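Participant: Sharing a structure below in structure tokens format, with a few things to ask.
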Amino acid sequence: MQENEKAALEDLDYQVPPILPILPLRKIVLFPAMVLPIAVEKEHHIKLIEDALNKDKLMGVFLSKVPEDPAPGEIEEYGTMGSIIRMIKVPDGSIRVLAQGLNRIRIQSIVQEKPYISARVEKVEDAPIIEKEIEPVKNKLLNIFKEFVDYSPYLPDEITTVALNIDNTSNLADFISGNLKIDLRERQELLQTRDVKDRYEKLIKILSDELARAKVQGEISGKVQKELTDIQRKAILREQLKEIKKELGEEDAVAIQIKEYKERIKKAKMSEEAEETARTELERIEMIPPHSPEYNVIRNYLDWLCDLPWQKQTKDNLDIKKAEKILNEDHHDLEDVKERILEFLSVRKLKKDAKGSIICLVGPPGVGKTSVGQSIARALGRKFTRLSLGGVHDEAEIRGHRRTYIGALPGRIIQHLKRLKTKNPIFMLDEVDKIGKDFRGDPASALLEVLDPEQNNTFRDNFLEVAFDLSSIMFITTANITDTIPDPLLDRMEVIRMPGYTAPDKFKIANKYLVPRRIKENGLTKKQIEFTDGAVRKIINNYTREAGVRNLEREIGKVCRKIAKKVAKEEGKKFKIDEKSLENYLGSIRFRGEEKEKEPSIGVATGLAWTPAGGTIHFVEATIMEGKGELILTGQLGEVLKESARAALSYIKSNARIFNIEPSKFLNKDIHIHIPEGAIPKDGPSAGITLSVALISIFAEKPVSSDYGMTGEITLRGKILPIGGVKEKVLAAKTAGLKKVVLPQDNEKDLADIPEEYKKGLNFHFINRIEEAVKLAIPGLKLKEKE
């Protein structure tokens with residue numbers, strides 16, 4: 001540095017020889033007034049140095065454009081004439097040279113290439129300097145250079161003093177250029193700039209960029225250093241505190257936590273795999289500083305492992321009679337569900353290690369699927385929990401997240417078990433038919449393991465990463481339909497159908513459960529409000545139309561609220577709700593029940609239909625008119641129902657003689673079939689027999705008896721096939737005032753499941769063919785025997 005300072009302060013102006021040996025350097029640009037050490041390794045370059053020392057010690061130093069041995073055309077045009085100050089030989093055969101830059105020079109032509117390059121050169125003079133113009137630029141350069149030195153990690157503070165003492169304007173630029181760690185191209189550009197003012201301005205731009213970078217790096221380094229200092233300080237203090245506590249005979253917080261975890265792991269009675277994993281994690285936590293983020297991650301994991309009910313479970317109530325009593329208290333009917341629960345209890349009583357069951361309750365909304373789960377838990381003496389799967393798209397909701405994620409948690413099943421603190425609850429998975437699926441995974445596939453008794457004893461949550469036994473859980477799933485449940489999942493469940501309630505069932509449920517509950521919830525007593533049987537039946541038949549009882553309970557609650565308002569205003573003490581006063585609270589009736597036709601009619605037959613809200617009757621109306629032989633179907637009929645109509649017409653046309661119908665009646669006639677209540681969609685094959693009777697009636701011009709209600713699927717050969725929903729259809733016939741019911745022969749067995757009170761007053765006729773239905777429903781029509 002001292003030699004650089006001395007050279008910069010000198011006003012150098014040497015005579016340039018016409019020919020100089022050329023030393024090309026790959027990574028060095030030598031500026032005038034600078035002293036630099038140069039390593040010389042090539043033999044021909046060593047000879048160049050030796051020849052120069054033996055002559056005038058002068059040489060040309062130029063930047064090479066290529067990495068190795070440049071040709072004459074691969075050397076920069078501008079360089080610096082340098083003087084060799086001293087030379088040192090190194091044991092490996094190379095030499096070290098200390099060279100001082102003297103003047104800028106330019107190569108005019110190459111005069112020698114071997115053994116080293118020599119060239120004819122000329123001195124490059126600086127452009128004329130105008131002091132008034134250059135002085136402000138010089139001051140700006142010095143100021144920015146001084147500020148840069150303050151931030152620079154590689155320039156000493158004394159260098160600013162040297163720069164301020166350089167009078168030669170050209171030397172100042174070269175001094176600053178030579179001391180900056182900048183790109184070789186920028187250094188070369190500064191070297192070949194003749195105008196000193198331009199050189200200053202380029203330096204100002206370079207220094208401004210370097211200063212901005214230096215400031216940012218300085219700030220970052222300062223922050224990092226401060227943080228490192230703080231961390232080191234805290235670490236030292238912690239170690240000191242640990243030693244002090246050891247001397248005082250006190251345990252530190254970490255040691256206490258480790259001790260507590262060891263106790264908790266022992267008490268948790270985990271599986272062998274889980275306990276081994278917990279102890280491994282505990283060993284890791286002992287080696288990690290408490291302020292480390294991983295420390296809290298491991299603590300959270302250990303908390304989950306220790307808090308799970310590995311061996312804790314509630315004792316089942318195995319008193320079959322008591323369980324049956326509880327189920328009957330909570331729910332009316334639902335015999336299939338009650339029977340299955342009692343079977344489960346019986347097996348548990350005889351076989352203590354019986355596996356949990358997976359039951360799927362399927363039925364329309366409002367029939368009590370969720371409340372059945374709670375009732376089962378009460379009957380068994382187990383804890384109850386419910387997880388709604390409706391709209392769930394993320395597989396992690398079931399399996400959990402891996403611990404690598406920030407804020408990771410186990411799946412919802414493990415979370416519920418931790419909250420319940422028992423491994424054998426009644427676990428209800430609600431709305432299993434509404435599970436979603438997207439890029440986050442398929443929750444239904446994750447449930448395959450959960451709901452498989454052969455696999456769920458080793459269920460692995462992604463967060464826990466150890467096996468947990470779910471086989472003691474009694475899983476109950478609920479669904480409105482089974483169509484949207486994947487087949488592999490449906491195969492793992494025992495499906496129990498919960499059909500919609502009939503009107504008599506709703507009446508009993510309302511009187512036994514809904515009315516008392518709503519009276520109590522609205523702050524009333526039985527002394528203040530009374531519902532007559534007629535009022536309850538009117539709410540069921542004329543104010544609600546549903547399979548379940550949610551709207552029924554809502555309407556009863558609405559009446560109770562209005563009475564509560566009157567009681568609060570002291571407008572009366574006792575209120576009796578009957579059929580007449582009901583409209584004052586609920587408004588005009590919303591639904592009117594269908595009644596049977598009063599008189600027999602041609603082309604009108606009464607059919608029995610099943611709906612999610614229960615059974616109903618509908619009238620199939622048929623008429624014929626002049627036309628092109630088209631079949632017109634109206635009343636918002638589904639495809640299956642339309643196909644039944646076509647099949648019925650085809651059978652009648654092909655067997656017209658049997659029904660005493662002239663074939664000419666089918667010519668140039670349009671046939672129109674309509675089923676009233678066109679706003680309600682209708683579908684299914686069970687109307688086939690009703691369609692056939694209506695069509696035969698209109699073509700034979702004989703009336704259909706209004707006492708018959710009928711249902712059954714037909715074939716093109718006139719056979720009658722069995723149908724479903726017999727209980728609801730029989731009740732609809734009784735409610736509508738029908739006296740006779742026509743059913744397929746194969747449905748006779750279904751009457752055994754229908755209570756006697758529903759069948760009382762009805763005559764049942766079981767048939768195998770359309771002709772049998774015609775003989776019953778169209779008594780005025782004489783049939784011909786088949787040939």
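Ligands are numbered from 1 in the order shown, residues from 1 within each chain, and chains are lettered A, B, ... in the order they appear in the structure tokens.
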Neighbouring residues of Arg120 in chain A were defined as those with any atom within 6 Å, considering only C-alpha atoms; residues of the same chain fewer than 2 positions away were excluded. Please report them as a PyMOL selection string.
Facilitator: chain A and resi 18-19+108-109
Participant: Report, in Å with one decimal, the straight-line distance from CA of Ile476 in chain A to CA of Gly441 in chain A.
Facilitator: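 Interatomic distance, CA of Ile476 in chain A to CA of Gly441 in chain A: 23.1 Å.
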Participant: I need the residues of range 326-556 of chain A that end up classed as alpha helix (DSSP H) by DSSP on the backbone, written out as a ChimeraX atom specification.
Facilitator: /A:326-330,335-350,369-380,396-399,412-420,443-450,487-491,503-509,515-521,533-542,550-556
Participant: What does the structure give for the distance between CA of Val254 in chain A and CA of Pro290 in chain A, in Å to one decimal?
Facilitator: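 About the pair CA of Val254 in chain A and CA of Pro290 in chain A: they are 7.4 Å apart.
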Participant: Would you work out the distance separating CA of Val97 in chain A from CA of Ala39 in chain A, expressed in Å to one decimal?
Facilitator: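 Answer for the CA of Val97 in chain A to CA of Ala39 in chain A separation: 6.4 Å.
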Participant: Which residues of range 475-544 of chain A come within 8 Å of range 443-453 of chain A, and for each one, what is the closest pair of atoms and their distance in Å to one decimal, counting only C-alpha atoms, sorted by chain and residue number, as CSV?
Facilitator:
```
residue,atom,partner,partner_atom,distance
A:Phe475,CA,A:Leu451,CA,7.4
A:Pro486,CA,A:Ala444,CA,7.4
A:Pro488,CA,A:Leu448,CA,7.4
A:Leu489,CA,A:Leu448,CA,5.7
A:Arg492,CA,A:Asp452,CA,6.0
A:Met493,CA,A:Leu451,CA,7.5
```
Participant: Which of range 342-404 of chain A counts as strand (DSSP E) under DSSP, as a PyMOL selection string please?
Facilitator: chain A and resi 358-362+384-388
Participant: Give me the residues within 7 Å of range 326-332 of chain A as a list in words, counting only C-alpha atoms and dropping any in the same chain fewer than 5 places off.
Facilitator: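 Returned residues: Lys338, Ser375, Ala379 and Ile509 of chain A.
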Participant: Need to verify the contact set: Asn103 in chain A, 6 Å, only C-alpha atoms, exclusion of same-chain residues closer than 5 positions in sequence. Can you return it as a list in words?
Facilitator: Pro32, Thr80 and Met81 of chain A
Participant: Restricting it to N, CA, C and O atoms, dump the selection as a PDB file, in the first residue's frame.
Facilitator:
```pdb
ATOM      1  N   PRO A  32      -1.574   3.287 -14.496  1.00  0.00           N
ATOM      2  CA  PRO A  32      -0.429   4.161 -14.201  1.00  0.00           C
ATOM      3  C   PRO A  32      -0.486   4.604 -12.734  1.00  0.00           C
ATOM      4  O   PRO A  32      -1.564   4.745 -12.152  1.00  0.00           O
ATOM      5  N   THR A  80      -0.584  -0.575 -20.255  1.00  0.00           N
ATOM      6  CA  THR A  80       0.228   0.331 -19.433  1.00  0.00           C
ATOM      7  C   THR A  80       1.691  -0.073 -19.531  1.00  0.00           C
ATOM      8  O   THR A  80       2.015  -1.272 -19.480  1.00  0.00           O
ATOM      9  N   MET A  81       2.551   0.930 -19.693  1.00  0.00           N
ATOM     10  CA  MET A  81       3.985   0.650 -19.630  1.00  0.00           C
ATOM     11  C   MET A  81       4.347   0.527 -18.163  1.00  0.00           C
ATOM     12  O   MET A  81       4.031   1.405 -17.350  1.00  0.00           O
TER      13      MET A  81
END
```
Participant: Do a neighbour search on Arg378 in chain A at 12 Å with only C-alpha atoms, toss out local chain neighbours closer than 5 positions, and write the hits as a list in words.
Facilitator: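 My reading of the contact set: Thr314, Asp316, Asn317, Leu318, Lys322, Ala323, Glu324, Lys325, Ile326, Leu327, Asn328, Glu329, Asp330, Ile341, Ser371, Val372, Gly373, Lys383, Phe384, Thr385, Pro425 and Ile426 of chain A.
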Participant: Save the residues we just selected, N, CA, C and O atoms, as an mmCIF file, in the first residue's frame?
Facilitator:
```cif
data_model
loop_
_atom_site.group_PDB
_atom_site.id
_atom_site.type_symbol
_atom_site.label_atom_id
_atom_site.label_comp_id
_atom_site.auth_asym_id
_atom_site.auth_seq_id
_atom_site.Cartn_x
_atom_site.Cartn_y
_atom_site.Cartn_z
ATOM 1 N N THR A 314 -64.936 -47.323 27.748
ATOM 2 C CA THR A 314 -66.091 -47.382 28.643
ATOM 3 C C THR A 314 -66.633 -48.807 28.676
ATOM 4 O O THR A 314 -66.489 -49.572 27.713
ATOM 5 N N ASP A 316 -69.436 -51.519 28.442
ATOM 6 C CA ASP A 316 -70.727 -51.633 27.757
ATOM 7 C C ASP A 316 -71.827 -52.061 28.720
ATOM 8 O O ASP A 316 -71.609 -52.873 29.630
ATOM 9 N N ASN A 317 -73.013 -51.476 28.497
ATOM 10 C CA ASN A 317 -74.205 -51.915 29.215
ATOM 11 C C ASN A 317 -74.721 -53.172 28.512
ATOM 12 O O ASN A 317 -75.292 -53.090 27.420
ATOM 13 N N LEU A 318 -74.538 -54.328 29.106
ATOM 14 C CA LEU A 318 -74.900 -55.590 28.468
ATOM 15 C C LEU A 318 -76.251 -56.124 28.945
ATOM 16 O O LEU A 318 -76.576 -57.291 28.713
ATOM 17 N N LYS A 322 -82.723 -53.698 29.436
ATOM 18 C CA LYS A 322 -82.596 -52.262 29.718
ATOM 19 C C LYS A 322 -82.296 -51.487 28.433
ATOM 20 O O LYS A 322 -82.849 -50.407 28.187
ATOM 21 N N ALA A 323 -81.411 -52.054 27.591
ATOM 22 C CA ALA A 323 -81.075 -51.410 26.323
ATOM 23 C C ALA A 323 -82.307 -51.321 25.425
ATOM 24 O O ALA A 323 -82.551 -50.296 24.774
ATOM 25 N N GLU A 324 -83.106 -52.391 25.394
ATOM 26 C CA GLU A 324 -84.328 -52.390 24.578
ATOM 27 C C GLU A 324 -85.311 -51.334 25.061
ATOM 28 O O GLU A 324 -85.955 -50.646 24.264
ATOM 29 N N LYS A 325 -85.395 -51.184 26.378
ATOM 30 C CA LYS A 325 -86.289 -50.174 26.961
ATOM 31 C C LYS A 325 -85.858 -48.759 26.557
ATOM 32 O O LYS A 325 -86.689 -47.921 26.197
ATOM 33 N N ILE A 326 -84.551 -48.504 26.592
ATOM 34 C CA ILE A 326 -84.034 -47.170 26.217
ATOM 35 C C ILE A 326 -84.314 -46.877 24.751
ATOM 36 O O ILE A 326 -84.750 -45.775 24.387
ATOM 37 N N LEU A 327 -84.083 -47.866 23.880
ATOM 38 C CA LEU A 327 -84.325 -47.668 22.447
ATOM 39 C C LEU A 327 -85.796 -47.392 22.172
ATOM 40 O O LEU A 327 -86.139 -46.544 21.339
ATOM 41 N N ASN A 328 -86.683 -48.096 22.872
ATOM 42 C CA ASN A 328 -88.128 -47.880 22.672
ATOM 43 C C ASN A 328 -88.578 -46.533 23.217
ATOM 44 O O ASN A 328 -89.500 -45.914 22.695
ATOM 45 N N GLU A 329 -87.915 -46.072 24.272
ATOM 46 C CA GLU A 329 -88.257 -44.765 24.846
ATOM 47 C C GLU A 329 -87.913 -43.643 23.878
ATOM 48 O O GLU A 329 -88.641 -42.665 23.748
ATOM 49 N N ASP A 330 -86.775 -43.799 23.196
ATOM 50 C CA ASP A 330 -86.262 -42.711 22.357
ATOM 51 C C ASP A 330 -86.875 -42.661 20.966
ATOM 52 O O ASP A 330 -86.951 -41.589 20.356
ATOM 53 N N ILE A 341 -79.121 -53.546 16.938
ATOM 54 C CA ILE A 341 -78.359 -53.109 18.117
ATOM 55 C C ILE A 341 -78.440 -54.159 19.213
ATOM 56 O O ILE A 341 -77.444 -54.467 19.880
ATOM 57 N N SER A 371 -80.307 -39.010 15.419
ATOM 58 C CA SER A 371 -80.783 -39.229 16.799
ATOM 59 C C SER A 371 -80.734 -40.706 17.170
ATOM 60 O O SER A 371 -80.573 -41.049 18.341
ATOM 61 N N VAL A 372 -80.851 -41.597 16.171
ATOM 62 C CA VAL A 372 -80.725 -43.031 16.442
ATOM 63 C C VAL A 372 -79.322 -43.330 16.977
ATOM 64 O O VAL A 372 -79.159 -44.126 17.901
ATOM 65 N N GLY A 373 -78.297 -42.686 16.411
ATOM 66 C CA GLY A 373 -76.925 -42.882 16.879
ATOM 67 C C GLY A 373 -76.772 -42.502 18.339
ATOM 68 O O GLY A 373 -76.138 -43.212 19.129
ATOM 69 N N LYS A 383 -69.822 -43.386 24.983
ATOM 70 C CA LYS A 383 -69.793 -41.977 24.589
ATOM 71 C C LYS A 383 -70.119 -41.867 23.096
ATOM 72 O O LYS A 383 -69.832 -42.778 22.325
ATOM 73 N N PHE A 384 -70.687 -40.716 22.719
ATOM 74 C CA PHE A 384 -71.129 -40.515 21.333
ATOM 75 C C PHE A 384 -70.404 -39.321 20.728
ATOM 76 O O PHE A 384 -70.212 -38.291 21.380
ATOM 77 N N THR A 385 -70.000 -39.470 19.477
ATOM 78 C CA THR A 385 -69.434 -38.331 18.744
ATOM 79 C C THR A 385 -69.880 -38.409 17.293
ATOM 80 O O THR A 385 -70.192 -39.491 16.785
ATOM 81 N N PRO A 425 -66.006 -45.449 21.413
ATOM 82 C CA PRO A 425 -67.252 -44.676 21.382
ATOM 83 C C PRO A 425 -68.175 -45.160 20.263
ATOM 84 O O PRO A 425 -67.812 -46.012 19.452
ATOM 85 N N ILE A 426 -69.375 -44.597 20.235
ATOM 86 C CA ILE A 426 -70.239 -44.701 19.062
ATOM 87 C C ILE A 426 -69.833 -43.542 18.159
ATOM 88 O O ILE A 426 -69.992 -42.379 18.527
#
```
Participant: Skipping near chain neighbours, those fewer than 3 positions away, what residues fall within 12 Å of Thr735 in chain A using only C-alpha atoms, listed as an MDAnalysis selection string?
Facilitator: chainID A and resid 502:504 537 541 593:596 608 614:617 709 728:732 738:739 757:762
